[in-house]
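Next comes upload.cif, with mmCIF, C-alpha atoms and all ligand atoms.
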data_input
loop_
_atom_site.label_atom_id
_atom_site.label_comp_id
_atom_site.auth_asym_id
_atom_site.auth_seq_id
_atom_site.Cartn_x
_atom_site.Cartn_y
_atom_site.Cartn_z
CA MET A 842 -26.64 134.75 -15.06
CA GLN A 843 -23.45 135.22 -13.12
CA GLY A 844 -20.37 133.45 -14.48
CA SER A 845 -17.10 132.55 -12.92
CA ASN A 846 -14.73 135.50 -13.21
CA ASN A 847 -11.84 133.77 -11.53
CA ARG A 848 -8.68 134.39 -13.49
CA ILE A 849 -7.31 130.91 -13.17
CA LEU A 850 -4.42 129.86 -15.32
CA TRP A 851 -5.03 126.21 -16.04
CA ASN A 852 -2.14 124.00 -16.94
CA PRO A 853 -3.16 121.12 -19.22
CA GLN A 854 0.02 119.11 -18.45
CA GLN A 855 -0.50 119.27 -14.69
CA TYR A 856 -4.19 118.50 -15.08
CA GLY A 857 -3.41 115.53 -17.35
CA ARG A 858 -1.02 113.97 -14.86
CA TYR A 859 -3.70 111.69 -13.40
CA ARG A 860 -5.45 111.14 -16.70
CA ASP A 861 -6.87 107.68 -15.94
CA GLU A 862 -8.32 108.66 -12.56
CA ARG A 863 -9.83 111.83 -13.99
CA SER A 864 -11.34 110.25 -17.13
CA ARG A 865 -13.06 107.30 -15.43
CA PRO A 866 -15.97 109.39 -14.05
CA PHE A 867 -16.52 110.88 -17.52
CA PHE A 868 -16.98 107.43 -19.05
CA GLU A 869 -19.13 106.25 -16.15
CA LEU A 870 -21.33 109.32 -16.65
CA LEU A 871 -21.61 108.79 -20.42
CA ALA A 872 -22.44 105.10 -19.90
CA GLN A 873 -25.81 106.25 -18.50
CA VAL A 874 -26.65 108.55 -21.41
CA ASP A 875 -29.25 107.24 -23.83
CA ALA A 876 -29.31 109.69 -26.74
CA PRO A 877 -28.61 107.65 -29.87
CA ALA A 878 -29.90 110.32 -32.26
CA ALA A 879 -28.09 113.32 -30.79
CA HIS A 880 -27.20 115.83 -33.51
CA THR A 881 -26.08 118.85 -31.53
CA VAL A 882 -23.83 118.21 -28.56
CA ALA A 883 -21.89 120.54 -26.24
CA ASP A 884 -19.19 119.90 -23.66
CA LEU A 885 -19.08 122.81 -21.21
CA GLY A 886 -15.68 123.14 -19.53
CA CYS A 887 -14.14 120.83 -22.11
CA GLY A 888 -10.60 121.33 -20.77
CA PRO A 889 -7.85 119.84 -22.96
CA GLY A 890 -10.41 118.27 -25.28
CA GLU A 891 -9.36 114.61 -25.17
CA LEU A 892 -12.63 113.52 -23.59
CA THR A 893 -14.66 115.80 -25.87
CA ALA A 894 -13.07 113.99 -28.81
CA THR A 895 -14.51 110.70 -27.56
CA LEU A 896 -17.98 112.26 -27.93
CA ALA A 897 -17.24 112.70 -31.64
CA GLU A 898 -16.34 109.00 -31.86
CA HIS A 899 -19.50 107.98 -30.01
CA TRP A 900 -21.81 110.29 -32.01
CA PRO A 901 -20.21 110.25 -35.47
CA ASP A 902 -23.09 112.21 -37.07
CA ALA A 903 -23.27 114.92 -34.43
CA ARG A 904 -21.92 118.49 -34.45
CA ILE A 905 -19.97 118.89 -31.24
CA TYR A 906 -18.97 122.12 -29.49
CA GLY A 907 -16.31 122.21 -26.77
CA VAL A 908 -16.46 125.35 -24.63
CA ASP A 909 -14.00 126.51 -21.99
CA ASN A 910 -13.00 129.82 -20.44
CA SER A 911 -9.29 128.97 -20.33
CA ALA A 912 -7.20 129.93 -23.36
CA GLU A 913 -4.50 127.51 -22.15
CA MET A 914 -6.91 124.57 -22.13
CA LEU A 915 -8.33 125.53 -25.53
CA ALA A 916 -4.85 125.72 -27.02
CA ALA A 917 -4.34 122.09 -25.94
CA ALA A 918 -7.81 121.09 -27.18
CA GLU A 919 -7.36 122.52 -30.67
CA LYS A 920 -5.44 119.47 -31.90
CA HIS A 921 -8.63 117.39 -31.47
CA ALA A 922 -10.74 119.66 -33.68
CA ILE A 923 -12.38 118.09 -36.74
CA PRO A 924 -13.53 120.57 -39.41
CA ASP A 925 -17.34 121.00 -39.40
CA ARG A 926 -17.74 118.28 -36.72
CA LEU A 927 -15.85 119.14 -33.56
CA SER A 928 -14.81 122.68 -32.64
CA PHE A 929 -13.52 124.40 -29.52
CA GLU A 930 -14.31 127.93 -28.45
CA LEU A 931 -13.72 130.36 -25.62
CA GLY A 932 -16.85 130.89 -23.57
CA ASP A 933 -18.26 130.95 -20.08
CA ALA A 934 -20.38 127.95 -19.14
CA ALA A 935 -22.89 130.28 -17.47
CA THR A 936 -23.55 132.44 -20.51
CA TRP A 937 -22.55 130.48 -23.65
CA GLN A 938 -25.32 130.16 -26.22
CA PRO A 939 -25.33 127.21 -28.61
CA PRO A 940 -26.06 127.88 -32.29
CA ALA A 941 -28.97 125.40 -32.08
CA PRO A 942 -30.85 123.70 -29.23
CA LEU A 943 -28.76 120.91 -27.73
CA ASP A 944 -29.68 117.24 -27.89
CA LEU A 945 -26.96 116.52 -25.37
CA LEU A 946 -25.23 118.83 -22.92
CA VAL A 947 -22.25 117.29 -21.13
CA SER A 948 -20.21 118.92 -18.40
CA ASN A 949 -17.56 116.92 -16.59
CA ALA A 950 -15.81 118.22 -13.47
CA THR A 951 -16.61 121.86 -14.25
CA LEU A 952 -19.92 123.12 -12.85
CA HIS A 953 -18.56 123.21 -9.28
CA TRP A 954 -16.48 126.20 -10.43
CA LEU A 955 -19.73 128.11 -11.03
CA PRO A 956 -21.98 129.42 -8.24
CA ASN A 957 -25.75 129.31 -7.71
CA HIS A 958 -26.74 125.97 -9.18
CA ASP A 959 -30.37 126.72 -8.38
CA GLN A 960 -30.20 129.39 -11.13
CA LEU A 961 -27.48 127.93 -13.33
CA LEU A 962 -29.13 124.56 -13.92
CA PRO A 963 -32.52 125.88 -15.11
CA HIS A 964 -30.60 128.14 -17.50
CA LEU A 965 -28.59 125.18 -18.86
CA VAL A 966 -31.74 123.09 -19.23
CA SER A 967 -33.25 125.94 -21.28
CA LEU A 968 -30.53 125.29 -23.88
CA LEU A 969 -31.84 121.76 -24.56
CA ALA A 970 -33.93 120.60 -27.50
CA PRO A 971 -37.09 118.55 -26.81
CA GLN A 972 -36.07 115.20 -25.23
CA GLY A 973 -32.62 116.70 -24.69
CA VAL A 974 -30.23 115.14 -22.19
CA PHE A 975 -28.14 116.99 -19.60
CA ALA A 976 -25.31 114.93 -18.14
CA PHE A 977 -22.85 116.31 -15.60
CA GLN A 978 -20.46 115.25 -12.91
CA VAL A 979 -19.11 117.40 -10.08
CA PRO A 980 -16.79 116.62 -7.17
CA GLY A 981 -18.49 116.14 -3.84
CA ASN A 982 -15.34 116.09 -1.72
CA PHE A 983 -15.22 119.64 -0.38
CA ASP A 984 -15.30 118.36 3.20
CA TYR A 985 -12.41 115.95 2.57
CA PRO A 986 -8.92 116.76 3.96
CA SER A 987 -7.44 117.96 0.65
CA HIS A 988 -9.97 120.82 0.74
CA THR A 989 -10.39 121.41 4.48
CA ILE A 990 -6.62 121.70 5.00
CA LEU A 991 -6.39 124.15 2.11
CA LYS A 992 -9.15 126.25 3.61
CA GLN A 993 -7.62 126.13 7.12
CA LEU A 994 -4.32 127.35 5.71
CA ARG A 995 -5.89 130.02 3.52
CA THR A 996 -7.79 131.49 6.43
CA SER A 997 -5.00 131.08 9.04
CA SER A 998 -3.47 134.24 10.52
CA ARG A 999 -0.36 133.74 8.34
CA TRP A 1000 -2.30 133.78 5.06
CA ALA A 1001 -5.73 135.34 5.67
CA ASP A 1002 -4.66 138.82 4.48
CA LYS A 1003 -3.56 137.46 1.13
CA LEU A 1004 -5.86 134.46 0.72
CA GLY A 1005 -8.88 134.84 2.94
CA TRP A 1006 -10.97 136.04 0.00
CA GLY A 1007 -13.64 134.36 -1.92
CA ALA A 1008 -16.70 132.28 -1.39
CA ASP A 1009 -16.34 128.73 -0.21
CA ARG A 1010 -16.75 126.65 -3.35
CA SER A 1011 -18.29 123.83 -1.34
CA ALA A 1012 -21.49 125.82 -1.71
CA SER A 1013 -21.69 124.98 -5.43
CA SER A 1014 -21.78 121.17 -5.52
CA GLN A 1015 -25.00 119.74 -4.14
CA SER A 1016 -26.14 116.24 -3.21
CA PRO A 1017 -27.63 113.80 -5.75
CA ALA A 1018 -31.02 114.21 -4.04
CA TRP A 1019 -30.83 118.01 -4.34
CA TYR A 1020 -30.15 117.76 -8.08
CA PHE A 1021 -32.90 115.16 -8.41
CA GLU A 1022 -35.46 117.50 -6.84
CA LEU A 1023 -34.43 120.52 -8.88
CA LEU A 1024 -34.35 118.78 -12.25
CA SER A 1025 -37.49 116.70 -11.65
CA GLY A 1026 -39.20 120.01 -10.93
CA LEU A 1027 -38.19 121.13 -14.43
CA GLY A 1028 -39.98 118.18 -15.99
CA MET A 1029 -36.96 115.92 -16.42
CA LYS A 1030 -36.48 112.23 -15.83
CA VAL A 1031 -33.48 112.13 -13.51
CA ASN A 1032 -30.83 109.55 -12.78
CA ALA A 1033 -28.59 110.87 -9.98
CA TRP A 1034 -25.99 109.00 -7.96
CA GLU A 1035 -22.66 109.32 -6.19
CA THR A 1036 -19.47 107.28 -6.13
CA THR A 1037 -16.48 107.52 -3.81
CA TYR A 1038 -13.43 106.43 -5.77
CA LEU A 1039 -10.49 105.10 -3.84
CA HIS A 1040 -7.66 106.35 -6.01
CA VAL A 1041 -4.23 104.87 -5.41
CA LEU A 1042 -1.85 107.61 -6.51
CA GLN A 1043 1.81 106.94 -7.31
CA GLY A 1044 4.80 109.19 -6.72
CA GLU A 1045 5.98 111.63 -4.07
CA ASP A 1046 3.47 114.17 -2.71
CA ALA A 1047 0.88 112.63 -4.98
CA VAL A 1048 -2.14 114.43 -3.50
CA LEU A 1049 -0.34 117.76 -3.79
CA GLN A 1050 0.37 116.99 -7.45
CA TRP A 1051 -3.32 116.18 -7.98
CA VAL A 1052 -4.55 119.37 -6.31
CA LYS A 1053 -1.99 121.47 -8.19
CA GLY A 1054 -3.99 120.61 -11.31
CA THR A 1055 -7.22 122.01 -9.86
CA ALA A 1056 -8.11 123.51 -6.47
CA LEU A 1057 -4.67 124.90 -5.65
CA ARG A 1058 -4.48 126.95 -8.84
CA PRO A 1059 -6.56 129.99 -7.82
CA VAL A 1060 -4.79 130.10 -4.45
CA ILE A 1061 -1.29 129.92 -5.87
CA SER A 1062 -1.97 132.42 -8.61
CA ALA A 1063 -2.77 135.03 -5.93
CA LEU A 1064 0.71 134.77 -4.38
CA ASN A 1065 4.20 135.94 -5.34
CA PRO A 1066 6.79 133.20 -6.04
CA GLU A 1067 8.32 133.33 -2.56
CA ASP A 1068 4.93 133.02 -0.84
CA GLN A 1069 3.89 130.31 -3.29
CA ALA A 1070 6.87 128.19 -2.22
CA GLU A 1071 6.16 128.72 1.49
CA PHE A 1072 2.44 128.06 1.16
CA THR A 1073 2.98 124.95 -0.97
CA ALA A 1074 5.56 123.52 1.46
CA GLU A 1075 3.19 124.01 4.40
CA TYR A 1076 0.27 122.52 2.52
CA ALA A 1077 2.38 119.56 1.32
CA ALA A 1078 3.45 118.74 4.89
CA ARG A 1079 -0.19 118.73 6.08
CA LEU A 1080 -1.27 116.59 3.12
CA ARG A 1081 1.46 114.04 3.85
CA GLU A 1082 -0.01 113.60 7.35
CA ALA A 1083 -3.58 113.27 6.08
CA TYR A 1084 -2.69 111.01 3.14
CA PRO A 1085 0.37 108.94 4.12
CA GLN A 1086 2.39 107.35 1.33
CA ARG A 1087 2.53 103.54 1.60
CA GLU A 1088 4.41 100.92 -0.38
CA TYR A 1089 1.41 100.52 -2.71
CA GLY A 1090 0.97 104.28 -3.21
CA THR A 1091 -1.16 107.00 -1.58
CA LEU A 1092 -4.85 106.32 -0.97
CA PHE A 1093 -6.94 109.28 -2.08
CA PRO A 1094 -10.72 108.86 -1.54
CA PHE A 1095 -12.67 111.10 -3.88
CA ARG A 1096 -16.47 111.50 -3.85
CA ARG A 1097 -18.19 112.51 -7.06
CA ILE A 1098 -21.80 113.38 -7.88
CA PHE A 1099 -23.34 112.29 -11.19
CA VAL A 1100 -26.55 113.42 -12.85
CA VAL A 1101 -28.13 112.37 -16.15
CA ALA A 1102 -31.45 114.09 -16.78
CA GLN A 1103 -33.69 114.00 -19.85
CA LEU A 1104 -36.46 116.37 -20.82
CA GLN A 1105 -39.74 114.51 -21.13
CA VAL A 1106 -41.20 116.81 -23.81
C1 LIG W 1201 -11.33 120.04 -13.92
S1 LIG W 1201 -11.32 120.67 -15.56
C2 LIG W 1201 -12.34 119.49 -16.45
C3 LIG W 1201 -11.98 119.42 -17.91
C4 LIG W 1201 -12.71 118.32 -18.71
N1 LIG W 1201 -14.15 118.47 -18.66
C5 LIG W 1201 -12.34 116.95 -18.19
O1 LIG W 1201 -13.20 116.24 -17.70
O2 LIG W 1201 -11.14 116.58 -18.30
C6 LIG W 1201 -12.40 122.04 -15.40
C7 LIG W 1201 -12.46 122.89 -16.67
O3 LIG W 1201 -13.51 123.83 -16.52
C8 LIG W 1201 -13.08 125.06 -17.08
N2 LIG W 1201 -13.91 126.10 -16.49
C9 LIG W 1201 -13.95 126.55 -15.21
N3 LIG W 1201 -14.87 127.50 -15.06
C10 LIG W 1201 -15.45 127.66 -16.28
C11 LIG W 1201 -16.48 128.51 -16.78
N4 LIG W 1201 -17.08 129.39 -15.98
N5 LIG W 1201 -16.81 128.41 -18.07
C12 LIG W 1201 -16.18 127.54 -18.90
N6 LIG W 1201 -15.20 126.71 -18.49
C13 LIG W 1201 -14.84 126.78 -17.20
C14 LIG W 1201 -11.61 125.13 -16.75
O4 LIG W 1201 -10.93 126.02 -17.59
C15 LIG W 1201 -11.19 123.68 -16.95
O5 LIG W 1201 -10.78 123.43 -18.27
#
Starting from the file, give its structure as structure tokens.
Amino acid sequence: MQGSNNRILWNPQQYGRYRDERSRPFFELLAQVDAPAAHTVADLGCGPGELTATLAEHWPDARIYGVDNSAEMLAAAEKHAIPDRLSFELGDAATWQPPAPLDLLVSNATLHWLPNHDQLLPHLVSLLAPQGVFAFQVPGNFDYPSHTILKQLRTSSRWADKLGWGADRSASSQSPAWYFELLSGLGMKVNAWETTYLHVLQGEDAVLQWVKGTALRPVISALNPEDQAEFTAEYAARLREAYPQREYGTLFPFRRIFVVAQLQV
């Protein structure tokens, strides 16, 4: 199974800047999970661990594993660890092996960083115990301006030499119906849906600040400081046109795909 080998330096502070907007989908995903007796639970791509810690509150008798491939995120997560109950470890979501079959596998806002969902998802389902539940959420906004502008800039004549690399990540996230078909075919009962949130972001260059916590990171980390400043200024100007700041804030529509699937045997 191929993992993500992007060397992305995540910054937990930047990521946490829009904490409320980013955590809402996690709780809306978990609201659909019916696994009262879960004993072994994993959170793949646990990030700074705050949301993983809420799993420990919800399933007080479970052993919970947070897994992430960013040392920076894990350093932030460590403060949420609970001896023998909640631990965090470095691992790749594509290849991590749990110490026991999972009653619940959660992955929030992470699997879109990994390619080939037609192979990845059957592998992840194979980690489940009988009746196990797989719950994940991925962005479905890769054709929205925050992404299309980034791609236009990356591939423009000014930047293509330095930034034209890489597969288009829009290929990873699929539609709710696509996930429904795939997971039903694996013998699961599937609940799949999508929501477009209308975030109202506060502050100057709010969409830039949001994207700095995620999609802009691999791009920026490929540039030297001078180029980073130039690229960011150009991107910021285009974002201001696409997402104008109003007196109430900046409207930022954001589509997300949700799937909760349970093995039937
Ligand atoms: C957008 S953050 C989501 C963090 C957390 N799940 C949340 O909802 O706040 C994505 C996380 O996935 C992690 N990640 C990306 N690719 C990964 C991979 N291949 N294996 C494990 N973690 C990965 C990143 O390091 C980052 O912490």
Might I get the box with edges along x, y and z of the file that holds all atoms of segment 1084-1087 of chain A listed there, padded by 3 Å on every side, given as centre and edge lengths in Å to one decimal, as JSON?
{"center_x": -0.1, "center_y": 107.3, "center_z": 2.7, "size_x": 11.2, "size_y": 13.5, "size_z": 8.8}
Can you list, as a PyMOL selection string, every protein, DNA or RNA residue that comes within 8 Å of segment 1042-1045 of chain A when you count all atoms listed in the file, leaving out same-chain residues fewer than 6 positions away?
chain A and resi 1086+1089-1093
Rank A:Asp884, A:Glu862, A:Glu869, A:Asp875 by their smallest atom-to-atom distance to Val947 of chain A, using all atoms listed in the file, and report the top residue only.
A:Asp884
Within 10 Å of Leu952 of chain A using all atoms listed in the file, minus same-chain residues under 3 positions, as a list in words:
Ser845, Leu885, Gly886, Ala934, Ala935, Ser948, Asn949, Leu955, Pro956, Asn957, His958, Leu961, Leu962, Phe977, Gln978, Val979, Pro980, Ser1013 and Ser1014 of chain A
I'd like a table as CSV: residues in chain A with an atom no more than 7 Å from ligand LIG 1201 (chain W), each row giving the shortest atom pair and its distance in Å to one decimal, all atoms listed in the file counted, sorted by chain and rising residue number.
residue,atom,partner,partner_atom,distance
A:Gly844,CA,W:LIG1201,N4,5.4
A:Ser845,CA,W:LIG1201,N4,4.4
A:Trp851,CA,W:LIG1201,O4,6.1
A:Arg863,CA,W:LIG1201,O2,6.5
A:Ser864,CA,W:LIG1201,O1,6.3
A:Phe867,CA,W:LIG1201,O1,6.3
A:Leu885,CA,W:LIG1201,C12,6.0
A:Gly886,CA,W:LIG1201,N6,3.7
A:Cys887,CA,W:LIG1201,N1,4.2
A:Gly888,CA,W:LIG1201,O5,3.3
A:Pro889,CA,W:LIG1201,C3,6.5
A:Gly890,CA,W:LIG1201,C4,7.0
A:Leu892,CA,W:LIG1201,O2,6.3
A:Val908,CA,W:LIG1201,C12,6.1
A:Asp909,CA,W:LIG1201,N6,3.7
A:Asn910,CA,W:LIG1201,C12,4.2
A:Ser911,CA,W:LIG1201,O4,4.3
A:Met914,CA,W:LIG1201,O5,5.6
A:Gly932,CA,W:LIG1201,C12,5.8
A:Asp933,CA,W:LIG1201,N5,3.5
A:Ala934,CA,W:LIG1201,N5,3.8
A:Ala935,CA,W:LIG1201,N4,6.1
A:Ser948,CA,W:LIG1201,N1,6.1
A:Asn949,CA,W:LIG1201,N1,4.3
A:Ala950,CA,W:LIG1201,C2,4.7
A:Thr951,CA,W:LIG1201,O3,4.3
A:Trp954,CA,W:LIG1201,N3,5.1
A:Leu955,CA,W:LIG1201,N4,5.8
A:Thr1055,CA,W:LIG1201,C1,6.1
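Of the listed residues (A:Arg1097, A:His1040, A:His953, A:Lys1003), A:His1040 comes nearest to Tyr859 of chain A; the distances count all atoms listed in the file.
With all atoms listed in the file as the atoms that count, the minimum distance from Asn982 of chain A to the choices A:Ile1098, A:Leu1027, A:Ile1061, A:Ala912 is reached by A:Ile1098.
Around the point (-26.8, 127.1, -25.8), within 9 Å and counting all atoms listed in the file, we find these residues: Ala883, Thr936, Trp937, Gln938, Pro939, Pro940, Ala941, Pro942, Leu943, Leu946, Leu965, Ser967, Leu968 and Leu969 of chain A.
Using only C-alpha atoms, the nearest neighbour of Leu927 of chain A within the list A:Gly1054, A:Gly907, A:Pro866, A:Pro853 is A:Gly907.
Each of A:Gln993, A:Val1048, A:Glu898, A:Leu1023 was checked against Gln960 of chain A using all atoms listed in the file; the smallest atom-to-atom distance is that of A:Leu1023.
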Which of these residues is nearest to Phe1099 of chain A, using all atoms listed in the file: A:Leu870, A:Ala878, A:Ala917, A:Ala1001?
A:Leu870
From atom CA of Pro1017 of chain A to atom CA of Gln1105 of chain A the spacing works out at 19.6 Å
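What separates atom CA of Ala1033 of chain A from atom CA of Val974 of chain A is a distance of 13.0 Å.
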Could you give me, as JSON lines, a per-residue list for segment 922-1002 of chain A showing, wherever an atom lies at most 8 Å from an atom of segment 1076-1083 of chain A, the closest pair of atoms and their distance in Å to one decimal, using all atoms listed in the file and sorting by chain then residue number from low to high?
{"residue": "A:Pro986", "atom": "CA", "partner": "A:Ala1083", "partner_atom": "CA", "distance": 6.7}
{"residue": "A:Ser987", "atom": "CA", "partner": "A:Leu1080", "partner_atom": "CA", "distance": 6.8}
{"residue": "A:Ile990", "atom": "CA", "partner": "A:Arg1079", "partner_atom": "CA", "distance": 7.2}
{"residue": "A:Leu991", "atom": "CA", "partner": "A:Tyr1076", "partner_atom": "CA", "distance": 6.9}
{"residue": "A:Leu994", "atom": "CA", "partner": "A:Tyr1076", "partner_atom": "CA", "distance": 7.4}
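Here atom CA of Val1100 of chain A and atom CA of Arg865 of chain A stand 15.0 Å from one another.
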Distance query Arg1096 of chain A at most 8 Å, all atoms listed in the file, self and fewer than 3 positions along chain excluded, as a ChimeraX atom specification
/A:980-982,1035-1038
Starting from the incomplete input, reconstruct N, CA, C and O atoms of segment 891-911 of chain A and report them as a PDB file, in the coordinates of the input.
ATOM      1  N   GLU A 891      -9.492 116.053 -24.883  1.00  0.00           N
ATOM      2  CA  GLU A 891      -9.360 114.610 -25.170  1.00  0.00           C
ATOM      3  C   GLU A 891     -10.681 113.877 -24.984  1.00  0.00           C
ATOM      4  O   GLU A 891     -11.076 113.035 -25.784  1.00  0.00           O
ATOM      5  N   LEU A 892     -11.364 114.212 -23.883  1.00  0.00           N
ATOM      6  CA  LEU A 892     -12.630 113.520 -23.590  1.00  0.00           C
ATOM      7  C   LEU A 892     -13.726 114.003 -24.537  1.00  0.00           C
ATOM      8  O   LEU A 892     -14.575 113.217 -24.960  1.00  0.00           O
ATOM      9  N   THR A 893     -13.686 115.265 -24.898  1.00  0.00           N
ATOM     10  CA  THR A 893     -14.660 115.800 -25.870  1.00  0.00           C
ATOM     11  C   THR A 893     -14.526 115.027 -27.187  1.00  0.00           C
ATOM     12  O   THR A 893     -15.536 114.735 -27.850  1.00  0.00           O
ATOM     13  N   ALA A 894     -13.292 114.712 -27.548  1.00  0.00           N
ATOM     14  CA  ALA A 894     -13.070 113.990 -28.810  1.00  0.00           C
ATOM     15  C   ALA A 894     -13.734 112.616 -28.797  1.00  0.00           C
ATOM     16  O   ALA A 894     -14.176 112.123 -29.846  1.00  0.00           O
ATOM     17  N   THR A 895     -13.847 112.015 -27.613  1.00  0.00           N
ATOM     18  CA  THR A 895     -14.510 110.700 -27.560  1.00  0.00           C
ATOM     19  C   THR A 895     -16.011 110.841 -27.839  1.00  0.00           C
ATOM     20  O   THR A 895     -16.641 109.881 -28.283  1.00  0.00           O
ATOM     21  N   LEU A 896     -16.559 112.038 -27.593  1.00  0.00           N
ATOM     22  CA  LEU A 896     -17.980 112.260 -27.930  1.00  0.00           C
ATOM     23  C   LEU A 896     -18.152 112.195 -29.444  1.00  0.00           C
ATOM     24  O   LEU A 896     -19.153 111.677 -29.954  1.00  0.00           O
ATOM     25  N   ALA A 897     -17.164 112.724 -30.172  1.00  0.00           N
ATOM     26  CA  ALA A 897     -17.240 112.700 -31.640  1.00  0.00           C
ATOM     27  C   ALA A 897     -17.158 111.271 -32.158  1.00  0.00           C
ATOM     28  O   ALA A 897     -17.782 110.925 -33.170  1.00  0.00           O
ATOM     29  N   GLU A 898     -16.408 110.419 -31.451  1.00  0.00           N
ATOM     30  CA  GLU A 898     -16.340 109.000 -31.860  1.00  0.00           C
ATOM     31  C   GLU A 898     -17.686 108.321 -31.579  1.00  0.00           C
ATOM     32  O   GLU A 898     -18.181 107.538 -32.374  1.00  0.00           O
ATOM     33  N   HIS A 899     -18.254 108.646 -30.429  1.00  0.00           N
ATOM     34  CA  HIS A 899     -19.500 107.980 -30.010  1.00  0.00           C
ATOM     35  C   HIS A 899     -20.700 108.432 -30.834  1.00  0.00           C
ATOM     36  O   HIS A 899     -21.608 107.648 -31.091  1.00  0.00           O
ATOM     37  N   TRP A 900     -20.706 109.731 -31.208  1.00  0.00           N
ATOM     38  CA  TRP A 900     -21.810 110.290 -32.010  1.00  0.00           C
ATOM     39  C   TRP A 900     -21.229 110.789 -33.339  1.00  0.00           C
ATOM     40  O   TRP A 900     -21.042 112.001 -33.529  1.00  0.00           O
ATOM     41  N   PRO A 901     -20.931 109.864 -34.257  1.00  0.00           N
ATOM     42  CA  PRO A 901     -20.210 110.250 -35.470  1.00  0.00           C
ATOM     43  C   PRO A 901     -20.981 111.213 -36.370  1.00  0.00           C
ATOM     44  O   PRO A 901     -20.382 111.887 -37.206  1.00  0.00           O
ATOM     45  N   ASP A 902     -22.317 111.299 -36.208  1.00  0.00           N
ATOM     46  CA  ASP A 902     -23.090 112.210 -37.070  1.00  0.00           C
ATOM     47  C   ASP A 902     -23.395 113.536 -36.390  1.00  0.00           C
ATOM     48  O   ASP A 902     -24.099 114.371 -36.953  1.00  0.00           O
ATOM     49  N   ALA A 903     -22.896 113.714 -35.180  1.00  0.00           N
ATOM     50  CA  ALA A 903     -23.270 114.920 -34.430  1.00  0.00           C
ATOM     51  C   ALA A 903     -22.287 116.064 -34.681  1.00  0.00           C
ATOM     52  O   ALA A 903     -21.126 115.855 -35.040  1.00  0.00           O
ATOM     53  N   ARG A 904     -22.775 117.290 -34.466  1.00  0.00           N
ATOM     54  CA  ARG A 904     -21.920 118.490 -34.450  1.00  0.00           C
ATOM     55  C   ARG A 904     -21.621 118.772 -32.992  1.00  0.00           C
ATOM     56  O   ARG A 904     -22.547 118.947 -32.173  1.00  0.00           O
ATOM     57  N   ILE A 905     -20.360 118.816 -32.658  1.00  0.00           N
ATOM     58  CA  ILE A 905     -19.970 118.890 -31.240  1.00  0.00           C
ATOM     59  C   ILE A 905     -19.201 120.182 -30.959  1.00  0.00           C
ATOM     60  O   ILE A 905     -18.278 120.542 -31.705  1.00  0.00           O
ATOM     61  N   TYR A 906     -19.592 120.847 -29.879  1.00  0.00           N
ATOM     62  CA  TYR A 906     -18.970 122.120 -29.490  1.00  0.00           C
ATOM     63  C   TYR A 906     -18.306 121.943 -28.114  1.00  0.00           C
ATOM     64  O   TYR A 906     -18.985 121.604 -27.145  1.00  0.00           O
ATOM     65  N   GLY A 907     -17.019 122.178 -28.056  1.00  0.00           N
ATOM     66  CA  GLY A 907     -16.310 122.210 -26.770  1.00  0.00           C
ATOM     67  C   GLY A 907     -16.149 123.661 -26.353  1.00  0.00           C
ATOM     68  O   GLY A 907     -15.707 124.487 -27.160  1.00  0.00           O
ATOM     69  N   VAL A 908     -16.494 123.961 -25.110  1.00  0.00           N
ATOM     70  CA  VAL A 908     -16.460 125.350 -24.630  1.00  0.00           C
ATOM     71  C   VAL A 908     -15.658 125.394 -23.332  1.00  0.00           C
ATOM     72  O   VAL A 908     -15.862 124.559 -22.447  1.00  0.00           O
ATOM     73  N   ASP A 909     -14.772 126.365 -23.232  1.00  0.00           N
ATOM     74  CA  ASP A 909     -14.000 126.510 -21.990  1.00  0.00           C
ATOM     75  C   ASP A 909     -13.609 127.977 -21.854  1.00  0.00           C
ATOM     76  O   ASP A 909     -13.512 128.693 -22.854  1.00  0.00           O
ATOM     77  N   ASN A 910     -13.391 128.416 -20.615  1.00  0.00           N
ATOM     78  CA  ASN A 910     -13.000 129.820 -20.440  1.00  0.00           C
ATOM     79  C   ASN A 910     -11.504 129.969 -20.203  1.00  0.00           C
ATOM     80  O   ASN A 910     -11.053 131.030 -19.791  1.00  0.00           O
ATOM     81  N   SER A 911     -10.749 128.909 -20.482  1.00  0.00           N
ATOM     82  CA  SER A 911      -9.290 128.970 -20.330  1.00  0.00           C
ATOM     83  C   SER A 911      -8.628 128.874 -21.701  1.00  0.00           C
ATOM     84  O   SER A 911      -8.748 127.861 -22.397  1.00  0.00           O
TER      85      SER A 911
END
